[in-house]
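Only one structure is covered here, and it is reproduced in the block below.
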Amino acid sequence: MIETVENWRWLLYALLVAAAFSDIRSLKIPNALPVLIAASSALALFAGKAAAVDYQTAALSGLIGLGVGYAFYAFGLMGAGDGKLFAAAATWFTAGALLPVSLLVSLAGVALALGLLLVRTLRGWSAEGRSDQSLKSALKTPVPYGVAIALGFVAAAQQMAAG
């Protein structure tokens, strides 16, 4: 995390939670949330009297995050809103932190997908009796990946703040 914004990380957490709840509810992340996350990063940098290099770091991380998000979107691995959310949250971190952050987001995504698969399959089995169709249906159901992005970024920020 960019050192200047650490005291403001609660703002990032709140906006990431809002994005996660929106994604759970509708499988959509309103464009306003990534905009607010990126703008709050700039606000936190300003409030922390950050040096120009911190603004450059945030911009570079955001561009890297946008590239990563766009690549995942292009390959059909996440939605457009998820990619924008990843890019916006990346503005709070240094470019060097994005690899471990991405790992945490990926781990959260795997755990979320497996958990949803289990719940959806069991729900299908109880409704239909044991059926291969319930597993196939569960595999085709979308995953609110904004939840994994929120969990990964919050975990990364907490790790960096603690140590």
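Labeling convention for the structure tokens: chains A, B, ... as they appear, residues from 1 per chain, ligands from 1 in order of appearance.
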Please list as number ranges by chain every residue within 10 Å of region 47-61 of chain A, counting only C-alpha atoms and excluding residues in the same chain fewer than 6 positions away. A: 1-8, 38, 41, 67, 87-98
All helix (DSSP H, G or I) positions in region 1-153 of chain A, as number ranges by chain: A: 3-26, 32-47, 52-74, 80-90, 95-128, 132-140, 145-153
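Minimum distance to Leu104 (chain A) across A:Gly163, A:Gly152, A:Gly65, A:Pro30 (counting only C-alpha atoms) occurs at A:Gly152.
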I'd like the contact shell of region 75-85 of chain A - 6 Å cut-off, only C-alpha atoms, skipping same-chain residues fewer than 3 positions apart - returned as a list of chain:residue names. A:Ile29, A:Pro34, A:Gly69, A:Tyr70, A:Phe72, A:Ala88, A:Gly146
Proximity to Pro144 (chain A) - best of A:Gly62, A:Trp10, A:Leu36, A:Phe21, only C-alpha atoms: A:Phe21
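Closest approach to Leu27 (chain A) from the set A:Leu114, A:Ala156, A:Val143, A:Leu45 is made by A:Val143, with distances taken over only C-alpha atoms.
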